[in-house]
file start_32.txt (compact mmCIF, C-alpha atoms and all ligand atoms)
# COMPACT_ATOMS: atom_id res chain seq x y z
CA MET M 1 36.31 -121.47 50.96
CA SER M 2 36.25 -119.61 47.67
CA ARG M 3 38.09 -116.41 46.89
CA PHE M 4 34.73 -114.66 46.63
CA LEU M 5 33.65 -114.84 50.27
CA LYS M 6 33.35 -111.50 52.02
CA ASP M 7 36.36 -110.80 54.23
CA ARG M 8 34.19 -110.38 57.28
CA PHE M 9 33.11 -114.02 57.08
CA LEU M 10 36.64 -115.42 56.74
CA HIS M 11 36.96 -116.18 60.43
CA LEU M 12 33.30 -116.73 61.26
CA GLU M 13 32.94 -119.93 63.25
CA ALA M 14 29.59 -121.46 62.32
CA TYR M 15 27.30 -123.23 64.76
CA THR M 16 27.69 -127.01 64.97
CA PRO M 17 24.30 -128.66 65.39
CA GLY M 18 24.06 -131.85 67.44
CA GLU M 19 24.42 -135.05 65.46
CA GLN M 20 21.26 -135.80 63.45
CA PRO M 21 21.57 -139.36 62.14
CA GLN M 22 18.58 -139.70 59.83
CA GLU M 23 18.09 -143.44 59.75
CA SER M 24 19.54 -145.22 62.69
CA GLU M 25 19.03 -147.46 65.61
CA TYR M 26 20.08 -144.81 68.12
CA ILE M 27 18.03 -143.81 71.09
CA LYS M 28 18.38 -140.15 70.29
CA LEU M 29 18.76 -138.00 73.39
CA ASN M 30 21.19 -135.37 72.14
CA THR M 31 19.19 -132.41 70.82
CA ASN M 32 16.26 -132.04 73.21
CA GLU M 33 13.57 -133.09 70.79
CA ASN M 34 10.27 -134.33 72.14
CA PRO M 35 10.09 -138.15 72.15
CA TYR M 36 6.36 -138.03 71.45
CA PRO M 37 4.87 -137.26 68.03
CA PRO M 38 2.97 -133.97 67.57
CA SER M 39 -0.77 -133.68 68.20
CA PRO M 40 -2.45 -136.36 66.06
CA LEU M 41 -4.94 -133.71 64.85
CA ILE M 42 -2.16 -132.43 62.58
CA LEU M 43 -2.44 -135.53 60.41
CA GLY M 44 -5.80 -134.25 59.15
CA GLU M 45 -4.00 -131.37 57.41
CA ALA M 46 -2.06 -133.43 54.88
CA ASP M 47 -4.24 -132.13 52.03
CA ILE M 48 -2.54 -128.76 52.34
CA ILE M 49 0.21 -130.14 50.12
CA LYS M 50 -2.25 -129.88 47.20
CA ALA M 51 -2.15 -126.09 47.65
CA PHE M 52 1.67 -125.90 47.57
CA ASN M 53 1.46 -124.27 44.11
CA LYS M 54 0.46 -121.00 45.82
CA TYR M 55 2.50 -118.99 48.32
CA PRO M 56 1.67 -119.20 52.01
CA ASP M 57 0.23 -116.28 54.00
CA PRO M 58 3.30 -114.14 54.74
CA GLU M 59 1.65 -112.96 57.97
CA ALA M 60 0.86 -116.53 59.10
CA SER M 61 -2.28 -114.89 60.53
CA THR M 62 -4.11 -118.03 61.57
CA LEU M 63 -1.11 -119.20 63.59
CA ILE M 64 -0.55 -115.78 65.13
CA MET M 65 -4.22 -115.53 66.14
CA ALA M 66 -4.00 -118.92 67.83
CA ILE M 67 -0.88 -117.83 69.76
CA ALA M 68 -2.57 -114.55 70.71
CA ASP M 69 -5.53 -116.51 72.07
CA TYR M 70 -3.33 -118.88 74.03
CA TYR M 71 -1.33 -116.13 75.74
CA GLY M 72 -3.99 -113.41 75.86
CA LEU M 73 -1.83 -111.11 73.71
CA ASN M 74 -2.70 -108.87 70.79
CA TYR M 75 -1.94 -109.88 67.24
CA SER M 76 0.57 -107.02 67.01
CA ASN M 77 2.62 -108.48 69.89
CA ILE M 78 3.62 -111.60 67.97
CA MET M 79 5.80 -112.63 65.05
CA VAL M 80 6.61 -116.15 63.91
CA GLY M 81 9.84 -117.38 62.38
CA ASN M 82 11.42 -120.37 60.70
CA GLY M 83 12.37 -121.84 64.05
CA SER M 84 13.29 -119.60 66.96
CA ASP M 85 16.80 -119.66 65.52
CA GLU M 86 15.60 -117.36 62.76
CA ILE M 87 13.94 -115.06 65.29
CA LEU M 88 17.19 -114.91 67.27
CA ALA M 89 19.11 -114.11 64.08
CA PHE M 90 16.70 -111.24 63.34
CA ILE M 91 17.19 -109.90 66.87
CA PHE M 92 20.99 -109.82 66.60
CA MET M 93 20.57 -108.22 63.17
CA ALA M 94 18.07 -105.58 64.24
CA PHE M 95 19.33 -104.04 67.45
CA ASP M 96 22.29 -101.85 68.28
CA GLY M 97 24.46 -102.24 71.33
CA LYS M 98 26.59 -104.85 72.99
CA PHE M 99 25.03 -108.20 73.91
CA TYR M 100 25.61 -109.87 77.27
CA PHE M 101 24.88 -113.54 77.88
CA PRO M 102 26.14 -116.37 80.13
CA ASP M 103 29.46 -118.10 79.36
CA ILE M 104 27.60 -121.38 79.31
CA THR M 105 24.39 -121.15 77.32
CA TYR M 106 22.92 -121.83 73.88
CA GLY M 107 25.90 -122.02 71.52
CA PHE M 108 24.19 -120.02 68.82
CA TYR M 109 24.30 -116.64 70.64
CA PRO M 110 28.02 -115.98 70.05
CA VAL M 111 27.71 -117.25 66.46
CA TYR M 112 24.91 -114.79 65.66
CA ALA M 113 26.79 -112.01 67.42
CA ASP M 114 29.81 -112.72 65.20
CA ALA M 115 27.76 -113.15 62.04
CA PHE M 116 26.03 -109.80 62.52
CA MET M 117 29.09 -108.05 63.91
CA CYS M 118 27.64 -107.35 67.35
CA GLU M 119 29.95 -106.81 70.26
CA TYR M 120 29.33 -109.31 73.04
CA GLU M 121 30.54 -110.39 76.44
CA GLU M 122 30.04 -113.66 78.24
CA ILE M 123 29.13 -113.44 81.92
CA PRO M 124 30.32 -116.45 83.98
CA LEU M 125 27.65 -118.58 85.61
CA ASN M 126 27.79 -119.15 89.36
CA THR M 127 29.95 -122.09 90.48
CA ASP M 128 26.80 -124.24 90.69
CA LEU M 129 26.19 -123.31 87.02
CA THR M 130 23.09 -121.22 87.74
CA ILE M 131 22.69 -117.70 86.32
CA CYS M 132 23.48 -114.89 88.76
CA SER M 133 20.74 -112.41 87.87
CA GLN M 134 22.42 -109.55 89.78
CA ASP M 135 25.31 -109.75 87.31
CA TYR M 136 22.94 -108.35 84.68
CA ALA M 137 21.56 -105.44 86.74
CA ASN M 138 22.50 -102.10 85.15
CA ILE M 139 24.75 -103.91 82.72
CA GLY M 140 24.43 -101.18 80.12
CA GLY M 141 23.79 -103.38 77.09
CA ASN M 142 21.40 -105.92 75.65
CA VAL M 143 20.88 -109.11 77.60
CA ILE M 144 19.99 -112.53 76.27
CA ILE M 145 19.34 -115.40 78.64
CA GLY M 146 17.83 -118.82 78.29
CA ASN M 147 15.14 -119.42 80.86
CA PRO M 148 15.57 -122.28 81.60
CA ASN M 149 19.18 -122.05 80.48
CA SER M 150 20.59 -124.75 78.21
CA PRO M 151 22.57 -126.95 78.69
CA VAL M 152 22.16 -126.63 82.46
CA GLY M 153 18.39 -126.58 82.94
CA SER M 154 18.34 -123.98 85.75
CA ASP M 155 15.77 -121.20 85.70
CA LEU M 156 15.23 -117.69 87.05
CA GLY M 157 11.99 -116.49 88.65
CA LEU M 158 9.94 -113.61 87.27
CA SER M 159 11.11 -111.25 90.02
CA GLN M 160 14.73 -111.79 89.02
CA ILE M 161 13.96 -111.20 85.35
CA LYS M 162 11.95 -108.14 86.29
CA GLU M 163 15.02 -106.74 88.05
CA ILE M 164 17.07 -107.19 84.87
CA LEU M 165 14.36 -105.44 82.85
CA LEU M 166 13.97 -102.57 85.32
CA THR M 167 17.67 -101.82 85.51
CA ASN M 168 18.21 -101.97 81.74
CA ARG M 169 15.27 -99.92 80.53
CA ASP M 170 17.21 -98.56 77.55
CA HIS M 171 18.39 -101.92 76.28
CA ILE M 172 16.76 -105.02 74.90
CA VAL M 173 16.33 -108.00 77.22
CA VAL M 174 15.72 -111.24 75.35
CA VAL M 175 14.38 -114.20 77.30
CA ASP M 176 14.76 -117.40 75.29
CA GLU M 177 12.02 -119.67 76.62
CA ALA M 178 12.73 -122.71 74.45
CA TYR M 179 12.19 -124.97 77.51
CA VAL M 180 9.79 -122.92 79.60
CA ASP M 181 6.88 -125.35 79.25
CA PHE M 182 8.72 -128.01 81.23
CA GLY M 183 8.28 -126.32 84.58
CA ALA M 184 9.58 -122.73 84.56
CA GLU M 185 7.54 -119.54 84.54
CA THR M 186 6.98 -117.58 81.34
CA CYS M 187 7.77 -113.85 81.13
CA VAL M 188 4.93 -113.21 78.68
CA PRO M 189 2.86 -111.34 81.32
CA LEU M 190 5.73 -108.83 81.65
CA ILE M 191 5.40 -107.73 78.01
CA GLU M 192 2.66 -105.25 78.88
CA GLU M 193 4.89 -103.51 81.40
CA PHE M 194 8.24 -103.59 79.60
CA ASP M 195 8.78 -102.20 76.12
CA ASN M 196 12.34 -103.60 76.15
CA LEU M 197 11.42 -107.29 76.62
CA ILE M 198 11.40 -109.89 73.84
CA VAL M 199 10.22 -113.37 74.75
CA VAL M 200 11.32 -116.03 72.27
CA GLN M 201 9.71 -119.46 72.18
CA THR M 202 9.85 -122.48 69.91
CA PHE M 203 7.50 -125.26 68.84
CA SER M 204 10.50 -127.60 68.55
CA LYS M 205 10.57 -128.95 72.09
CA SER M 206 7.37 -128.90 74.15
CA ARG M 207 5.13 -128.99 71.05
CA SER M 208 6.93 -131.83 69.26
CA LEU M 209 7.49 -129.89 66.02
CA ALA M 210 11.28 -129.65 65.62
CA GLY M 211 10.88 -130.89 62.04
CA ALA M 212 8.38 -128.15 61.15
CA ARG M 213 10.64 -125.20 62.13
CA ILE M 214 8.36 -122.83 63.99
CA GLY M 215 9.46 -120.20 66.47
CA MET M 216 7.89 -117.05 67.83
CA ALA M 217 8.77 -113.68 69.26
CA MET M 218 6.43 -111.93 71.67
CA ALA M 219 7.04 -108.31 72.63
CA ALA M 220 5.70 -104.77 72.60
CA GLN M 221 4.25 -103.97 69.19
CA GLU M 222 7.04 -101.52 68.31
CA LEU M 223 9.66 -104.25 68.78
CA ILE M 224 7.59 -106.69 66.74
CA ALA M 225 7.29 -104.07 64.00
CA ASP M 226 11.11 -103.80 63.93
CA LEU M 227 11.49 -107.57 63.66
CA LYS M 228 8.87 -107.70 60.91
CA LYS M 229 10.79 -105.08 59.00
CA ILE M 230 13.80 -107.40 59.03
CA LYS M 231 11.70 -110.42 58.13
CA TYR M 232 10.10 -108.62 55.18
CA SER M 233 13.56 -107.55 54.04
CA ILE M 234 14.88 -111.09 54.01
CA ASN M 235 12.22 -113.77 53.78
CA PRO M 236 8.53 -112.74 53.89
CA TYR M 237 7.34 -116.33 53.41
CA ASN M 238 9.43 -117.70 56.26
CA LEU M 239 6.84 -120.30 57.28
CA ASP M 240 5.41 -122.75 54.78
CA LYS M 241 1.69 -123.61 54.64
CA MET M 242 2.05 -126.94 56.38
CA SER M 243 3.97 -125.41 59.29
CA ILE M 244 1.50 -122.57 59.74
CA SER M 245 -1.29 -125.09 59.96
CA ALA M 246 0.58 -127.59 62.15
CA GLY M 247 1.59 -124.80 64.54
CA LYS M 248 -1.99 -123.58 64.87
CA ILE M 249 -3.22 -127.05 65.74
CA ALA M 250 -0.37 -127.68 68.16
CA ILE M 251 -1.15 -124.53 70.12
CA GLU M 252 -4.89 -125.20 70.15
CA ASP M 253 -4.59 -128.80 71.32
CA VAL M 254 -3.90 -127.84 74.92
CA GLU M 255 -4.94 -131.22 76.27
CA TYR M 256 -2.36 -133.11 74.21
CA PHE M 257 0.31 -130.52 74.99
CA ASN M 258 -0.25 -130.83 78.73
CA MET M 259 -0.28 -134.62 78.59
CA SER M 260 3.03 -134.84 76.76
CA ARG M 261 4.90 -132.24 78.81
CA ASN M 262 3.61 -133.64 82.12
CA ARG M 263 4.83 -137.03 81.09
CA ILE M 264 8.27 -135.66 80.27
CA MET M 265 8.50 -133.78 83.58
CA LYS M 266 7.53 -136.91 85.46
CA THR M 267 10.12 -138.97 83.59
CA ARG M 268 12.75 -136.28 84.29
CA GLU M 269 12.18 -136.52 88.04
CA TYR M 270 12.27 -140.32 87.97
CA PHE M 271 15.40 -140.43 85.80
CA SER M 272 17.20 -137.83 87.93
CA GLU M 273 16.58 -139.84 91.12
CA GLU M 274 17.74 -143.08 89.53
CA MET M 275 20.90 -141.46 88.15
CA LYS M 276 21.70 -140.15 91.62
CA LYS M 277 21.40 -143.71 92.91
CA LEU M 278 24.08 -144.67 90.37
CA GLY M 279 26.33 -142.03 91.91
CA PHE M 280 25.79 -139.24 89.40
CA GLU M 281 25.50 -135.59 90.17
CA VAL M 282 22.33 -134.40 88.40
CA LEU M 283 21.88 -130.64 88.15
CA PRO M 284 18.35 -129.49 88.99
CA SER M 285 16.46 -128.97 85.72
CA LYS M 286 13.22 -127.31 84.65
CA ALA M 287 13.85 -128.38 81.06
CA ASN M 288 13.47 -131.59 79.05
CA PHE M 289 17.09 -132.54 79.68
CA VAL M 290 19.48 -133.01 82.57
CA LEU M 291 23.17 -132.24 82.83
CA VAL M 292 24.95 -135.03 84.69
CA ARG M 293 28.43 -136.00 85.81
CA SER M 294 30.14 -138.68 87.84
CA ASP M 295 33.56 -139.04 89.47
CA LYS M 296 33.63 -142.55 88.02
CA ILE M 297 33.66 -141.54 84.37
CA LYS M 298 34.71 -138.51 82.34
CA GLY M 299 32.11 -136.73 80.25
CA MET M 300 33.70 -137.54 76.89
CA GLU M 301 34.17 -141.18 77.78
CA TYR M 302 30.61 -141.57 79.05
CA TYR M 303 29.32 -139.97 75.83
CA LEU M 304 31.44 -142.30 73.67
CA ARG M 305 30.54 -145.44 75.58
CA LEU M 306 26.84 -144.60 75.41
CA LYS M 307 27.20 -144.00 71.69
CA GLY M 308 28.91 -147.38 71.34
CA LYS M 309 25.75 -148.85 72.82
CA ASN M 310 23.47 -146.89 70.48
CA ILE M 311 22.50 -144.10 72.83
CA LEU M 312 23.21 -140.61 71.60
CA VAL M 313 23.63 -137.83 74.19
CA ARG M 314 25.42 -134.48 74.00
CA HIS M 315 28.91 -133.75 75.28
CA PHE M 316 30.26 -130.20 75.17
CA GLU M 317 34.01 -129.81 74.84
CA LYS M 318 33.83 -126.61 76.81
CA GLU M 319 35.51 -125.39 79.96
CA ARG M 320 33.53 -126.00 83.17
CA ILE M 321 31.14 -128.50 81.58
CA SER M 322 33.46 -130.94 79.78
CA ASP M 323 33.03 -133.36 82.70
CA TYR M 324 29.27 -133.45 82.10
CA VAL M 325 26.96 -134.86 79.46
CA ARG M 326 23.51 -133.52 78.66
CA ILE M 327 20.81 -136.13 78.36
CA THR M 328 17.45 -135.30 76.77
CA ILE M 329 14.46 -136.77 78.55
CA GLY M 330 12.89 -139.32 76.22
CA ARG M 331 10.15 -141.91 76.73
CA GLU M 332 10.07 -143.85 80.00
CA GLU M 333 11.41 -146.99 78.33
CA GLU M 334 14.24 -145.07 76.67
CA MET M 335 15.34 -143.67 80.01
CA GLU M 336 15.15 -147.13 81.56
CA LYS M 337 17.52 -148.24 78.84
CA VAL M 338 19.92 -145.38 79.61
CA LEU M 339 19.95 -146.38 83.27
CA GLU M 340 20.54 -150.02 82.42
CA VAL M 341 23.33 -149.24 79.95
CA THR M 342 24.92 -146.75 82.35
CA GLU M 343 25.09 -149.40 85.04
CA GLU M 344 26.69 -151.75 82.49
CA ILE M 345 29.25 -149.12 81.49
CA LEU M 346 30.23 -148.43 85.09
CA LEU M 347 30.59 -152.16 85.72
CA GLU M 348 32.72 -152.70 82.60
CA LYS M 349 34.85 -149.76 83.58
CA SER M 350 35.45 -150.99 87.11
CA LYS M 351 36.50 -154.40 85.72
CA GLU M 352 38.91 -152.81 83.23
CA GLU M 353 40.58 -150.92 86.04
CA ILE M 354 41.35 -154.01 88.09
C1 LIG M 401 16.38 -125.59 70.61
C2 LIG M 401 16.69 -124.16 70.96
C3 LIG M 401 16.45 -123.11 70.09
C4 LIG M 401 16.12 -123.34 68.65
O1 LIG M 401 14.88 -123.75 68.42
P1 LIG M 401 14.30 -123.86 66.94
O2 LIG M 401 12.96 -123.23 67.11
O3 LIG M 401 14.25 -125.30 66.65
O4 LIG M 401 15.16 -123.07 66.00
C5 LIG M 401 16.63 -121.83 70.54
N1 LIG M 401 17.09 -121.57 71.78
C6 LIG M 401 17.38 -122.56 72.63
C7 LIG M 401 17.89 -122.23 73.98
C8 LIG M 401 17.20 -123.87 72.25
O5 LIG M 401 17.54 -124.87 73.06

call {"tool": "encode", "arguments": {"input": "start_32.txt", "output": "structure tokens", "more": "lines below"}}
Ligand SMILES: *Cc1c(COP(=O)(O)O)cnc(C)c1O
result
Amino acid sequence: MSRFLKDRFLHLEAYTPGEQPQESEYIKLNTNENPYPPSPLILGEADIIKAFNKYPDPEASTLIMAIADYYGLNYSNIMVGNGSDEILAFIFMAFDGKFYFPDITYGFYPVYADAFMCEYEEIPLNTDLTICSQDYANIGGNVIIGNPNSPVGSDLGLSQIKEILLTNRDHIVVVDEAYVDFGAETCVPLIEEFDNLIVVQTFSKSRSLAGARIGMAMAAQELIADLKKIKYSINPYNLDKMSISAGKIAIEDVEYFNMSRNRIMKTREYFSEEMKKLGFEVLPSKANFVLVRSDKIKGMEYYLRLKGKNILVRHFEKERISDYVRITIGREEEMEKVLEVTEEILLEKSKEEI
């Protein structure tokens, strides 16, 4: 740290992304990426690079129109960002009031709250690690919840979210739907009714574009106008030409999208059942990952032993979930490998203990 850093950042604890080995032999199941490549139609857009000498469309209009078509929204209800992380940052920057979110959720929420000097409070999950929606009724501040919630995978229904919206009319309710396409219900239809709702989605998971950095906010047009004000005050060209184009194609290629997410959901159900057969507790998940634990092996040790066998999963050194690891759902053959290696690890462990 230099002597020039602003005092208010001295104690800021930055977000630690999951490990991203760039060239390796790992089966990479630690950051919830899609194991399948993006829609092959995107490959036809490579010529865009020739136009990199000119700035991209700051409005990303073609992408926004495609999203509007997909969800039946108006253009003015949508903004795109450099990943949904950027959208989330803009939200914490833009709105007054305390933020409330679960104690176990996406690790970036408290970091943004600190970075933008927002007050916040963490609301404990139920003992089964689901969100108790009643805890957020009349809470008197802004709410941000993942639906499904990471790293657990549990989801709330629309009626529960509606209750949170109804009882917090004068505060923002952010629903982070990074994983919604893997089996939960989107809140987008509630936007018409609630001027305090912001739905945040990403192209990084269900649309196989983590490397392109595309996220979106959908909300009443007044809220979108606020977020655009922030965007145009910081980074008007937040999406590059290639990403605008790739995003448009990804949202239009519904057939490919449905094929890939259905495959992942099917693999998730299969993998969950097989893990249970190996004696693991597998928390019910509507996302492209499962949180698992076993009495036979501690979370940290399971993570390390998998890593030793070239399988990368995520372990959180955090109260209440340190016994668990989060495993992203990859291709069928990758999950077969995890099952095989897990069985091996348990066997080795039982031999060591004799
Ligand atoms: C992955 C993830 C994000 C970030 O997505 P990007 O669009 O890649 O920035 C946001 N929220 C949650 C809950 C996530 O899991």

call {"tool": "atom_distance", "arguments": {"input": "start_32.txt", "atom1": "atom CA of M:Met218", "atom2": "atom CA of M:Ile264"}}
result
25.3 Å

call {"tool": "residues_near_ligand", "arguments": {"input": "start_32.txt", "ligand": "ligand LIG 401 (chain M)", "cutoff": "6 Å", "atoms": "only C-alpha atoms and all ligand atoms", "output": "number ranges by chain"}}
result
M: 83-85, 106, 146, 150, 176, 178, 202, 204, 210, 213-215

call {"tool": "closest_residue", "arguments": {"input": "start_32.txt", "among": "M:Asp103, M:Glu340, M:Glu185, M:Asp7", "to": "M:Glu274", "atoms": "all atoms listed in the file"}}
result
M:Glu340

call {"tool": "closest_residue", "arguments": {"input": "start_32.txt", "among": "M:Thr267, M:Ser61, M:Asn142, M:Gln201", "to": "M:Ser245", "atoms": "all atoms listed in the file"}}
result
M:Ser61

call {"tool": "residues_around", "arguments": {"input": "start_32.txt", "residues": "M:Glu121", "least_positions_apart": "3", "cutoff": "9 Å", "atoms": "all atoms listed in the file", "output": "MDAnalysis selection string"}}
result
chainID M and resid 98:103 110

call {"tool": "closest_residue", "arguments": {"input": "start_32.txt", "among": "M:Phe52, M:Tyr302, M:Tyr71, M:Tyr112", "to": "M:Pro189", "atoms": "only C-alpha atoms"}}
result
M:Tyr71
